[in-house]
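Source file: target-v7.cif; contents: mmCIF, C-alpha atoms.
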```cif
data_structure
#
loop_
_atom_site.group_PDB
_atom_site.id
_atom_site.type_symbol
_atom_site.label_atom_id
_atom_site.label_comp_id
_atom_site.auth_asym_id
_atom_site.auth_seq_id
_atom_site.Cartn_x
_atom_site.Cartn_y
_atom_site.Cartn_z
ATOM 1 C CA MET U 9 -11.336 228.355 235.551
ATOM 2 C CA VAL U 10 -7.942 229.879 236.316
ATOM 3 C CA PRO U 11 -7.692 230.761 240.054
ATOM 4 C CA ALA U 12 -7.970 234.554 240.039
ATOM 5 C CA LEU U 13 -5.553 235.187 242.906
ATOM 6 C CA GLU U 14 -2.810 233.380 241.026
ATOM 7 C CA ALA U 15 -3.451 234.806 237.560
ATOM 8 C CA ALA U 16 -0.009 236.407 237.373
ATOM 9 C CA THR U 17 1.640 233.094 238.210
ATOM 10 C CA TRP U 18 -0.335 231.254 235.537
ATOM 11 C CA GLN U 19 0.708 233.894 233.029
ATOM 12 C CA ALA U 20 4.356 233.392 234.004
ATOM 13 C CA ILE U 21 3.987 229.620 233.685
ATOM 14 C CA ALA U 22 2.294 229.998 230.290
ATOM 15 C CA ALA U 23 5.167 232.183 229.088
ATOM 16 C CA ASP U 24 7.635 229.586 230.395
ATOM 17 C CA ILE U 25 5.823 226.831 228.479
ATOM 18 C CA SER U 26 5.717 228.942 225.319
ATOM 19 C CA ASN U 27 9.463 229.586 225.507
ATOM 20 C CA ALA U 28 10.242 225.919 226.173
ATOM 21 C CA THR U 29 8.040 224.470 223.431
ATOM 22 C CA GLY U 30 8.365 227.236 220.855
ATOM 23 C CA SER U 31 4.575 227.238 220.557
ATOM 24 C CA PRO U 32 2.328 229.954 222.032
ATOM 25 C CA PHE U 33 0.401 228.747 225.070
ATOM 26 C CA SER U 34 -2.334 230.477 227.053
ATOM 27 C CA VAL U 35 -4.020 229.011 230.121
ATOM 28 C CA SER U 36 -7.753 228.436 229.799
ATOM 29 C CA SER U 37 -8.183 226.289 232.920
ATOM 30 C CA ALA U 38 -6.109 225.081 235.866
ATOM 31 C CA GLU U 39 -7.814 222.230 237.694
ATOM 32 C CA PRO U 40 -6.386 221.050 241.040
ATOM 33 C CA THR U 41 -5.403 217.396 241.008
ATOM 34 C CA GLY U 42 -3.592 214.916 243.236
ATOM 35 C CA GLY U 43 0.084 215.721 243.671
ATOM 36 C CA GLY U 44 1.111 214.205 246.994
ATOM 37 C CA SER U 45 1.644 215.930 250.335
ATOM 38 C CA ILE U 46 4.588 218.147 249.354
ATOM 39 C CA ASN U 47 3.320 220.176 246.375
ATOM 40 C CA ARG U 48 0.128 221.613 244.965
ATOM 41 C CA ALA U 49 -0.659 220.041 241.588
ATOM 42 C CA PHE U 50 -2.793 221.157 238.650
ATOM 43 C CA ARG U 51 -3.911 220.004 235.238
ATOM 44 C CA LEU U 52 -3.299 222.922 232.908
ATOM 45 C CA ASP U 53 -5.291 223.272 229.674
ATOM 46 C CA GLY U 54 -5.187 225.754 226.852
ATOM 47 C CA GLY U 55 -5.533 225.754 223.073
ATOM 48 C CA GLY U 56 -5.832 222.002 222.824
ATOM 49 C CA GLN U 57 -2.696 221.426 224.916
ATOM 50 C CA ARG U 58 -2.578 219.874 228.385
ATOM 51 C CA PHE U 59 0.200 219.831 230.983
ATOM 52 C CA PHE U 60 0.735 218.708 234.564
ATOM 53 C CA VAL U 61 2.068 221.422 236.885
ATOM 54 C CA LYS U 62 3.418 221.201 240.420
ATOM 55 C CA LEU U 63 3.676 224.355 242.531
ATOM 56 C CA ASN U 64 5.597 225.120 245.691
ATOM 57 C CA SER U 65 7.078 228.189 247.361
ATOM 58 C CA ALA U 66 9.492 230.332 245.346
ATOM 59 C CA GLY U 67 12.429 229.023 247.369
ATOM 60 C CA ARG U 68 11.805 225.461 246.173
ATOM 61 C CA LEU U 69 12.955 226.023 242.588
ATOM 62 C CA GLY U 70 16.104 223.963 243.226
ATOM 63 C CA MET U 71 13.940 220.971 244.152
ATOM 64 C CA PHE U 72 12.098 221.176 240.842
ATOM 65 C CA ASP U 73 15.269 221.782 238.871
ATOM 66 C CA ALA U 74 16.759 218.590 240.340
ATOM 67 C CA GLU U 75 13.554 216.676 239.593
ATOM 68 C CA GLN U 76 13.718 217.831 235.983
ATOM 69 C CA ALA U 77 17.332 216.653 235.721
ATOM 70 C CA GLY U 78 16.405 213.308 237.257
ATOM 71 C CA LEU U 79 13.580 212.741 234.799
ATOM 72 C CA VAL U 80 15.925 213.527 231.908
ATOM 73 C CA GLU U 81 18.444 211.014 233.280
ATOM 74 C CA LEU U 82 15.791 208.311 233.582
ATOM 75 C CA ALA U 83 14.289 209.050 230.160
ATOM 76 C CA ALA U 84 17.706 208.807 228.499
ATOM 77 C CA THR U 85 17.861 205.087 229.344
ATOM 78 C CA LYS U 86 14.771 204.370 227.186
ATOM 79 C CA THR U 87 13.817 201.606 229.614
ATOM 80 C CA VAL U 88 10.728 202.814 231.465
ATOM 81 C CA ARG U 89 8.232 205.588 230.756
ATOM 82 C CA VAL U 90 8.548 208.826 232.724
ATOM 83 C CA PRO U 91 6.784 212.161 232.176
ATOM 84 C CA MET U 92 8.910 214.384 229.985
ATOM 85 C CA PRO U 93 9.758 217.662 231.731
ATOM 86 C CA ILE U 94 8.771 220.783 229.807
ATOM 87 C CA CYS U 95 10.241 223.515 232.001
ATOM 88 C CA CYS U 96 10.629 224.753 235.550
ATOM 89 C CA GLY U 97 10.787 228.279 236.873
ATOM 90 C CA SER U 98 9.682 230.703 239.547
ATOM 91 C CA ASP U 99 8.254 234.136 240.259
ATOM 92 C CA THR U 100 8.161 236.111 243.510
ATOM 93 C CA HIS U 101 5.554 233.790 245.063
ATOM 94 C CA PHE U 102 5.877 230.317 243.559
ATOM 95 C CA SER U 103 8.207 227.859 241.902
ATOM 96 C CA TRP U 104 6.924 225.277 239.452
ATOM 97 C CA ILE U 105 7.707 222.348 237.240
ATOM 98 C CA VAL U 106 5.697 221.644 234.098
ATOM 99 C CA LEU U 107 5.507 218.044 232.912
ATOM 100 C CA GLU U 108 3.950 215.960 230.201
ATOM 101 C CA HIS U 109 0.393 215.145 231.261
ATOM 102 C CA PHE U 110 -0.388 211.463 231.739
ATOM 103 C CA GLU U 111 -3.811 209.904 231.290
ATOM 104 C CA PHE U 112 -4.031 207.064 233.785
ATOM 105 C CA GLY U 113 -5.781 203.742 233.256
ATOM 106 C CA ASN U 114 -7.694 201.693 235.809
ATOM 107 C CA GLY U 115 -5.814 198.383 235.807
ATOM 108 C CA ARG U 116 -2.725 197.061 237.590
ATOM 109 C CA GLY U 117 -1.700 194.708 234.793
ATOM 110 C CA GLY U 118 0.818 197.162 233.381
ATOM 111 C CA LEU U 119 2.790 197.035 236.629
ATOM 112 C CA VAL U 120 3.739 193.469 235.745
ATOM 113 C CA ALA U 121 5.673 194.820 232.753
ATOM 114 C CA LEU U 122 7.361 197.344 235.044
ATOM 115 C CA GLY U 123 9.368 194.569 236.749
ATOM 116 C CA PRO U 124 11.679 193.724 233.830
ATOM 117 C CA GLN U 125 11.739 197.389 232.753
ATOM 118 C CA LEU U 126 13.045 198.386 236.183
ATOM 119 C CA ALA U 127 15.694 195.667 235.996
ATOM 120 C CA LEU U 128 16.778 197.076 232.641
ATOM 121 C CA LEU U 129 16.915 200.595 234.108
ATOM 122 C CA HIS U 130 19.168 199.271 236.866
ATOM 123 C CA ARG U 131 21.599 198.000 234.221
ATOM 124 C CA ARG U 132 22.584 201.653 233.699
ATOM 125 C CA THR U 133 25.535 201.993 236.049
ATOM 126 C CA ALA U 134 28.164 204.513 237.120
ATOM 127 C CA ALA U 135 31.716 204.154 238.415
ATOM 128 C CA ASN U 136 30.732 205.521 241.857
ATOM 129 C CA PHE U 137 27.718 205.892 244.113
ATOM 130 C CA GLY U 138 25.813 209.181 244.239
ATOM 131 C CA TRP U 139 24.943 211.624 241.502
ATOM 132 C CA ASN U 140 26.233 214.811 239.911
ATOM 133 C CA ARG U 141 23.955 216.951 242.085
ATOM 134 C CA ASP U 142 21.951 216.879 245.294
ATOM 135 C CA ASN U 143 18.172 216.583 245.205
ATOM 136 C CA THR U 144 15.324 215.863 247.619
ATOM 137 C CA ILE U 145 13.463 212.847 248.975
ATOM 138 C CA GLY U 146 10.011 214.310 249.536
ATOM 139 C CA SER U 147 11.064 217.753 250.698
ATOM 140 C CA THR U 148 14.088 216.483 252.660
ATOM 141 C CA PRO U 149 17.532 217.285 251.237
ATOM 142 C CA GLN U 150 19.208 214.222 249.734
ATOM 143 C CA HIS U 151 22.981 214.502 249.480
ATOM 144 C CA ASN U 152 24.533 212.667 246.552
ATOM 145 C CA GLU U 153 28.260 213.424 246.741
ATOM 146 C CA TRP U 154 30.090 210.814 244.664
ATOM 147 C CA CYS U 155 31.604 208.026 246.755
ATOM 148 C CA GLY U 156 33.487 204.906 245.730
ATOM 149 C CA ASP U 157 32.335 202.887 248.769
ATOM 150 C CA TRP U 158 28.649 202.004 249.088
ATOM 151 C CA ILE U 159 28.827 201.353 252.836
ATOM 152 C CA ILE U 160 30.341 204.784 253.469
ATOM 153 C CA PHE U 161 27.756 206.399 251.201
ATOM 154 C CA LEU U 162 24.911 204.612 253.003
ATOM 155 C CA ARG U 163 26.336 205.474 256.422
ATOM 156 C CA GLU U 164 27.034 209.153 255.763
ATOM 157 C CA HIS U 165 24.557 210.304 253.136
ATOM 158 C CA ARG U 166 21.533 208.124 253.774
ATOM 159 C CA ILE U 167 20.853 206.533 257.168
ATOM 160 C CA GLY U 168 23.353 208.629 259.114
ATOM 161 C CA PHE U 169 22.037 211.871 257.661
ATOM 162 C CA GLN U 170 18.453 210.964 258.519
ATOM 163 C CA LEU U 171 19.456 210.095 262.083
ATOM 164 C CA GLN U 172 21.195 213.467 262.427
ATOM 165 C CA LEU U 173 18.093 215.193 261.124
ATOM 166 C CA ALA U 174 15.939 213.206 263.558
ATOM 167 C CA GLN U 175 18.142 214.341 266.420
ATOM 168 C CA ARG U 176 17.700 217.968 265.365
ATOM 169 C CA ASN U 177 13.963 217.317 265.245
ATOM 170 C CA GLY U 178 13.982 216.142 268.858
ATOM 171 C CA TYR U 179 14.164 212.362 268.397
ATOM 172 C CA ARG U 180 17.037 211.505 270.706
ATOM 173 C CA GLY U 181 17.614 208.812 273.304
ATOM 174 C CA ARG U 182 17.359 205.185 272.215
ATOM 175 C CA LEU U 183 16.756 205.974 268.550
ATOM 176 C CA GLN U 184 20.143 207.667 268.392
ATOM 177 C CA SER U 185 22.087 205.191 270.533
ATOM 178 C CA SER U 186 20.765 202.153 268.682
ATOM 179 C CA GLY U 187 21.143 203.969 265.363
ATOM 180 C CA GLU U 188 24.826 204.611 266.109
ATOM 181 C CA LYS U 189 25.344 200.897 266.826
ATOM 182 C CA LEU U 190 23.698 200.036 263.513
ATOM 183 C CA LEU U 191 25.877 202.481 261.588
ATOM 184 C CA ALA U 192 28.974 201.004 263.195
ATOM 185 C CA GLY U 193 27.919 197.510 262.134
ATOM 186 C CA LEU U 194 26.854 198.130 258.528
ATOM 187 C CA ASP U 195 29.689 196.001 257.152
ATOM 188 C CA ALA U 196 27.900 192.899 258.441
ATOM 189 C CA PHE U 197 25.192 193.275 255.801
ATOM 190 C CA PHE U 198 27.713 193.277 252.963
ATOM 191 C CA ALA U 199 30.107 190.498 253.927
ATOM 192 C CA ASP U 200 29.507 188.552 250.692
ATOM 193 C CA TYR U 201 27.811 191.208 248.567
ATOM 194 C CA ARG U 202 29.255 194.059 246.516
ATOM 195 C CA PRO U 203 26.537 196.079 244.786
ATOM 196 C CA GLU U 204 26.980 197.951 241.538
ATOM 197 C CA ALA U 205 26.136 201.643 241.305
ATOM 198 C CA SER U 206 22.834 201.366 239.412
ATOM 199 C CA LEU U 207 20.664 204.247 238.282
ATOM 200 C CA LEU U 208 17.766 204.378 240.753
ATOM 201 C CA HIS U 209 14.393 206.070 240.755
ATOM 202 C CA GLY U 210 15.067 206.580 244.451
ATOM 203 C CA ASP U 211 11.501 206.975 245.766
ATOM 204 C CA LEU U 212 9.669 204.068 244.177
ATOM 205 C CA TRP U 213 6.615 203.504 246.331
ATOM 206 C CA ARG U 214 3.250 202.599 244.823
ATOM 207 C CA GLY U 215 2.103 206.220 244.625
ATOM 208 C CA ASN U 216 4.955 207.029 242.235
ATOM 209 C CA ALA U 217 4.076 204.338 239.690
ATOM 210 C CA ALA U 218 0.975 203.970 237.548
ATOM 211 C CA VAL U 219 -0.531 202.276 234.551
ATOM 212 C CA LEU U 220 -1.364 204.670 231.731
ATOM 213 C CA ALA U 221 -4.540 204.609 229.659
ATOM 214 C CA ASP U 222 -2.734 202.652 226.935
ATOM 215 C CA GLY U 223 -1.659 199.993 229.452
ATOM 216 C CA GLU U 224 1.977 201.108 229.628
ATOM 217 C CA PRO U 225 3.570 201.421 233.084
ATOM 218 C CA ALA U 226 5.151 204.701 234.118
ATOM 219 C CA ILE U 227 7.109 206.047 237.086
ATOM 220 C CA PHE U 228 7.404 209.662 238.261
ATOM 221 C CA ASP U 229 8.416 211.943 241.168
ATOM 222 C CA PRO U 230 11.969 210.532 241.320
ATOM 223 C CA ALA U 231 14.777 211.103 243.810
ATOM 224 C CA VAL U 232 17.460 209.934 241.409
ATOM 225 C CA TYR U 233 20.937 208.710 242.323
ATOM 226 C CA TYR U 234 23.252 205.774 241.580
ATOM 227 C CA GLY U 235 23.114 203.146 244.303
ATOM 228 C CA ASP U 236 22.368 199.517 245.088
ATOM 229 C CA ARG U 237 19.444 198.399 242.920
ATOM 230 C CA GLU U 238 18.048 196.538 245.924
ATOM 231 C CA ALA U 239 17.149 199.914 247.449
ATOM 232 C CA ASP U 240 14.638 200.607 244.650
ATOM 233 C CA VAL U 241 13.097 197.142 244.859
ATOM 234 C CA ALA U 242 12.951 197.358 248.646
ATOM 235 C CA MET U 243 10.867 200.516 248.622
ATOM 236 C CA THR U 244 8.259 198.915 246.371
ATOM 237 C CA GLU U 245 7.643 196.569 249.311
ATOM 238 C CA LEU U 246 7.567 199.203 252.051
ATOM 239 C CA PHE U 247 3.980 200.344 251.566
ATOM 240 C CA GLY U 248 2.793 197.518 249.315
ATOM 241 C CA GLY U 249 0.687 197.731 246.181
ATOM 242 C CA PHE U 250 2.913 196.034 243.595
ATOM 243 C CA PRO U 251 1.710 192.635 242.309
ATOM 244 C CA GLN U 252 3.809 189.517 242.845
ATOM 245 C CA ALA U 253 4.165 189.192 239.084
ATOM 246 C CA PHE U 254 6.127 192.477 239.153
ATOM 247 C CA TYR U 255 8.760 190.847 241.373
ATOM 248 C CA ARG U 256 8.814 187.648 239.323
ATOM 249 C CA GLY U 257 9.386 189.728 236.198
ATOM 250 C CA TYR U 258 12.214 191.637 237.841
ATOM 251 C CA ASP U 259 13.861 188.492 239.145
ATOM 252 C CA ASP U 260 13.568 186.748 235.786
ATOM 253 C CA ALA U 261 15.387 189.700 234.181
ATOM 254 C CA TRP U 262 18.034 190.105 236.907
ATOM 255 C CA PRO U 263 17.811 187.862 239.992
ATOM 256 C CA LEU U 264 18.315 189.505 243.362
ATOM 257 C CA ASP U 265 21.044 188.368 245.742
ATOM 258 C CA LEU U 266 20.106 185.872 248.468
ATOM 259 C CA GLY U 267 20.804 188.496 251.130
ATOM 260 C CA TYR U 268 18.148 190.885 249.803
ATOM 261 C CA PRO U 269 15.384 189.965 252.326
ATOM 262 C CA VAL U 270 17.551 191.285 255.178
ATOM 263 C CA ARG U 271 19.076 194.273 253.354
ATOM 264 C CA LYS U 272 15.673 195.496 252.180
ATOM 265 C CA ARG U 273 14.891 196.280 255.829
ATOM 266 C CA LEU U 274 18.103 198.308 256.008
ATOM 267 C CA TYR U 275 17.252 200.278 252.877
ATOM 268 C CA ASN U 276 13.674 200.907 253.966
ATOM 269 C CA LEU U 277 14.911 202.271 257.292
ATOM 270 C CA TYR U 278 16.096 205.298 255.306
ATOM 271 C CA HIS U 279 12.536 205.958 254.180
ATOM 272 C CA LEU U 280 11.020 205.288 257.604
ATOM 273 C CA LEU U 281 13.402 207.809 259.140
ATOM 274 C CA ASN U 282 12.584 210.272 256.379
ATOM 275 C CA HIS U 283 8.865 209.861 257.082
ATOM 276 C CA LEU U 284 9.599 210.404 260.772
ATOM 277 C CA ASN U 285 11.376 213.644 259.915
ATOM 278 C CA LEU U 286 8.707 214.787 257.461
ATOM 279 C CA PHE U 287 5.495 213.694 259.157
ATOM 280 C CA GLY U 288 6.248 213.259 262.826
ATOM 281 C CA GLY U 289 6.275 210.755 265.654
ATOM 282 C CA SER U 290 3.770 208.272 264.236
ATOM 283 C CA TYR U 291 6.737 206.682 262.422
ATOM 284 C CA LEU U 292 8.972 206.494 265.492
ATOM 285 C CA VAL U 293 7.828 203.024 266.566
ATOM 286 C CA GLN U 294 8.365 201.620 263.061
ATOM 287 C CA ALA U 295 11.801 203.172 262.735
ATOM 288 C CA GLN U 296 12.903 201.960 266.159
ATOM 289 C CA ALA U 297 11.578 198.448 265.484
ATOM 290 C CA ALA U 298 13.460 198.355 262.176
ATOM 291 C CA ILE U 299 16.725 199.344 263.886
ATOM 292 C CA ASP U 300 16.218 196.783 266.650
ATOM 293 C CA GLY U 301 15.546 194.041 264.113
ATOM 294 C CA LEU U 302 18.636 194.940 262.095
ATOM 295 C CA LEU U 303 20.794 194.954 265.232
ATOM 296 C CA GLY U 304 19.450 191.482 265.904
ATOM 297 C CA GLU U 305 20.722 190.397 262.488
ATOM 298 C CA ILE U 306 24.191 191.700 263.339
ATOM 299 C CA ARG U 307 24.266 189.801 266.633
ATOM 300 C CA ALA U 308 22.908 186.580 265.116
#
```

If you convert what's in this file into structure tokens, what do you get?
Amino acid sequence: MVPALEAATWQAIAADISNATGSPFSVSSAEPTGGGSINRAFRLDGGGQRFFVKLNSAGRLGMFDAEQAGLVELAATKTVRVPMPICCGSDTHFSWIVLEHFEFGNGRGGLVALGPQLALLHRRTAANFGWNRDNTIGSTPQHNEWCGDWIIFLREHRIGFQLQLAQRNGYRGRLQSSGEKLLAGLDAFFADYRPEASLLHGDLWRGNAAVLADGEPAIFDPAVYYGDREADVAMTELFGGFPQAFYRGYDDAWPLDLGYPVRKRLYNLYHLLNHLNLFGGSYLVQAQAAIDGLLGEIRA
């Protein structure tokens, strides 16, 4: 059933879908479904049509608009399956994004095929690092101002920004002092390595990839920008869940640089700091340990 207290919102979403598709749509049911910790998510049915809808507060429309643009950018490469965005909009209470609904399968075998597909996605490059708009990583702002130097981009718009946010959130002391030393020494990780500006998913942990009912892999919930492809691969390792055959497939398609095992810890620090800022102090020990280990690499 459609939640009664939100009937006006469902009507607005239905009108949005109708305008976007050119086909009349009326909501017959809106079933809550898994959508992560940031948004409320629903499976929307009506008249033989089905959509996936994410809801947030009305002020979050920009987040959904950027997600829609990111999905379009990824889809344009024709390399890996993403849910096609239908529309996004808002009323006085909520903002939303409406997406193609995916039917998920039960196996992990399709993730093996995702390895070479991701490598092919990363072949889409830009002249500079960043993107043509800002977006979010989770609900945290992600600044994507174009930059010709990857180290500067990483220092200012990724790790440095998260450290500044952590300071505002009360995480000061050693995290900040050691973080400043790391930022000052970033060049050491790129002495013999010059990454290309590859199109990235940007938030590629296991929860943002799946195998569909037809066995095809798919990725979703992106935080798109152009950056070092190692950053995407690194995040697949942060929380685990990708089979080893995924990495073999990626490496067969486009081998990673020998320095990747160290740099992946640098790239995943960005996500650890973001989790610290989003979810609190339980990530402080991990973030501090990552910084300490990276400083050890600089001194070695």

Checklist line | Ground truth for the PyMOL selection byres ((chain U and resi 117) around 10), written as a list in words | finding: Asn114, Gly115, Arg116, Gly118, Leu119, Val120, Ala121, Leu122, Val219, Gly223, Glu224, Pro225, Pro251, Ala253 and Phe254 of chain U

Check: Quick one: which residues end up in the PyMOL selection byres ((chain U and resi 143-156) around 7) for this structure, as a list in words?
Finding: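 Answer for the PyMOL selection byres ((chain U and resi 143-156) around 7): Ile46, Met71, Ala74, Asn136, Phe137, Gly138, Trp139, Arg141, Asp142, Asp157, Trp158, Phe161, His165, Asp211, Ala231 and Tyr233 of chain U.
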
Step by step, gather every atom of stretch 140-157 of chain U that the file lists, find the box along x, y and z that holds them, add 8 Å on each side, and finally give centre and edge lengths in Å to one decimal, as lines of an AutoDock Vina configuration file.
```
center_x = 21.7
center_y = 210.3
center_z = 246.3
size_x = 39.5
size_y = 30.9
size_z = 28.7
```

Need the shell around U:Leu79: protein/DNA/RNA residues with any atom at most 9 Å away, counting all atoms listed in the file. Skip same-chain ones fewer than 3 positions apart. Format as a JSON list (two decimals) with C-alpha atoms, in the frame of the given file?
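Output contents, as saved in part.json:
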```
[["chain", "number", "residue", "atom", "x", "y", "z"],
["U", 74, "ALA", "CA", 16.76, 218.59, 240.34],
["U", 75, "GLU", "CA", 13.55, 216.68, 239.59],
["U", 76, "GLN", "CA", 13.72, 217.83, 235.98],
["U", 82, "LEU", "CA", 15.79, 208.31, 233.58],
["U", 83, "ALA", "CA", 14.29, 209.05, 230.16],
["U", 84, "ALA", "CA", 17.71, 208.81, 228.50],
["U", 90, "VAL", "CA", 8.55, 208.83, 232.72],
["U", 91, "PRO", "CA", 6.78, 212.16, 232.18],
["U", 92, "MET", "CA", 8.91, 214.38, 229.98],
["U", 93, "PRO", "CA", 9.76, 217.66, 231.73],
["U", 209, "HIS", "CA", 14.39, 206.07, 240.76],
["U", 228, "PHE", "CA", 7.40, 209.66, 238.26],
["U", 229, "ASP", "CA", 8.42, 211.94, 241.17],
["U", 230, "PRO", "CA", 11.97, 210.53, 241.32],
["U", 232, "VAL", "CA", 17.46, 209.93, 241.41]]
```

Next item on the list: Check what the PyMOL selection byres ((chain U and resi 95) around 12) selects in the file above and give those residues as an NGL selection string.
Entry: :U and (20-30 or 59-62 or 69 or 72-77 or 79-80 or 91-94 or 96-98 or 103-108)

Next item on the list: Give me, please, the distance in Å between atom CA of U:Arg131 and atom CA of U:Pro263, quoted to one decimal.
Entry: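 For atom CA of U:Arg131 relative to atom CA of U:Pro263, the distance reads 12.3 Å.
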
Margin query: When you count only C-alpha atoms, which of these residues is closest to U:Leu264: U:Gly301, U:Gly289, U:Pro203, U:Gly193?
Written below: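 Checking each of U:Gly301, U:Gly289, U:Pro203, U:Gly193 against U:Leu264, counting only C-alpha atoms, the winner is U:Pro203.
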
Item checked: Atom pair atom CA of U:Ala205 / atom CA of U:Tyr275: separation (Å) ->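 Atom-to-atom, atom CA of U:Ala205 and atom CA of U:Tyr275 are spaced 14.7 Å apart.
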
Note to self: Between atom CA of U:Gln125 and atom CA of U:Asp240, what distance in Å does the model show, to one decimal?
What the structure shows: 12.7 Å

Notebook entry, point to check: Which residue out of U:Trp213, U:Tyr258, U:Tyr234, U:Phe250 has the minimum interatomic distance to U:Asn276 when only C-alpha atoms are used?
Noted result: U:Trp213

Margin query: I need the residue nearest U:Gly257 from this list: U:Glu81, U:Arg163, U:Gly123, U:Arg180. Use only C-alpha atoms for the distance.
Written below: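 Looking only at the distances to U:Gly257, the closest residue turns out to be U:Gly123.
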
Next item on the list: For a cut-off of 12 Å around (17.4, 200.9, 260.6), file coordinates, pick out all residues using all atoms listed in the file and list them as an MDAnalysis selection string.
Entry: chainID U and resid 162:163 166:168 170:171 183:194 197 270:282 292:306

As a short mmCIF file (atom, residue, chain, number, x, y, z; two decimals), keeping the file's coordinate frame, the rebuilt stretch 118-129 of chain U with N, CA, C and O atoms:
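Here's the written file selection.cif:
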```
data_model
loop_
_atom_site.label_atom_id
_atom_site.label_comp_id
_atom_site.auth_asym_id
_atom_site.auth_seq_id
_atom_site.Cartn_x
_atom_site.Cartn_y
_atom_site.Cartn_z
N GLY U 118 -0.38 196.56 233.94
CA GLY U 118 0.82 197.16 233.38
C GLY U 118 1.99 197.16 234.35
O GLY U 118 3.15 197.23 233.92
N LEU U 119 1.70 197.07 235.65
CA LEU U 119 2.79 197.04 236.63
C LEU U 119 3.59 195.74 236.54
O LEU U 119 4.73 195.69 236.98
N VAL U 120 2.99 194.71 235.96
CA VAL U 120 3.74 193.47 235.74
C VAL U 120 4.90 193.74 234.79
O VAL U 120 6.04 193.30 235.01
N ALA U 121 4.64 194.49 233.72
CA ALA U 121 5.67 194.82 232.75
C ALA U 121 6.74 195.72 233.35
O ALA U 121 7.87 195.77 232.85
N LEU U 122 6.40 196.44 234.43
CA LEU U 122 7.36 197.34 235.04
C LEU U 122 8.53 196.59 235.67
O LEU U 122 9.63 197.12 235.76
N GLY U 123 8.30 195.34 236.11
CA GLY U 123 9.37 194.57 236.75
C GLY U 123 10.61 194.43 235.87
O GLY U 123 11.70 194.89 236.25
N PRO U 124 10.49 193.83 234.69
CA PRO U 124 11.68 193.72 233.83
C PRO U 124 12.18 195.07 233.32
O PRO U 124 13.38 195.24 233.08
N GLN U 125 11.29 196.05 233.16
CA GLN U 125 11.74 197.39 232.75
C GLN U 125 12.63 198.01 233.83
O GLN U 125 13.65 198.64 233.52
N LEU U 126 12.24 197.84 235.09
CA LEU U 126 13.04 198.39 236.18
C LEU U 126 14.41 197.70 236.24
O LEU U 126 15.44 198.36 236.46
N ALA U 127 14.42 196.39 236.02
CA ALA U 127 15.69 195.67 236.00
C ALA U 127 16.60 196.20 234.89
O ALA U 127 17.81 196.35 235.07
N LEU U 128 16.00 196.52 233.74
CA LEU U 128 16.78 197.08 232.64
C LEU U 128 17.29 198.47 232.98
O LEU U 128 18.43 198.83 232.66
N LEU U 129 16.46 199.28 233.64
CA LEU U 129 16.92 200.60 234.11
C LEU U 129 18.13 200.45 235.02
O LEU U 129 19.10 201.20 234.91
#
```
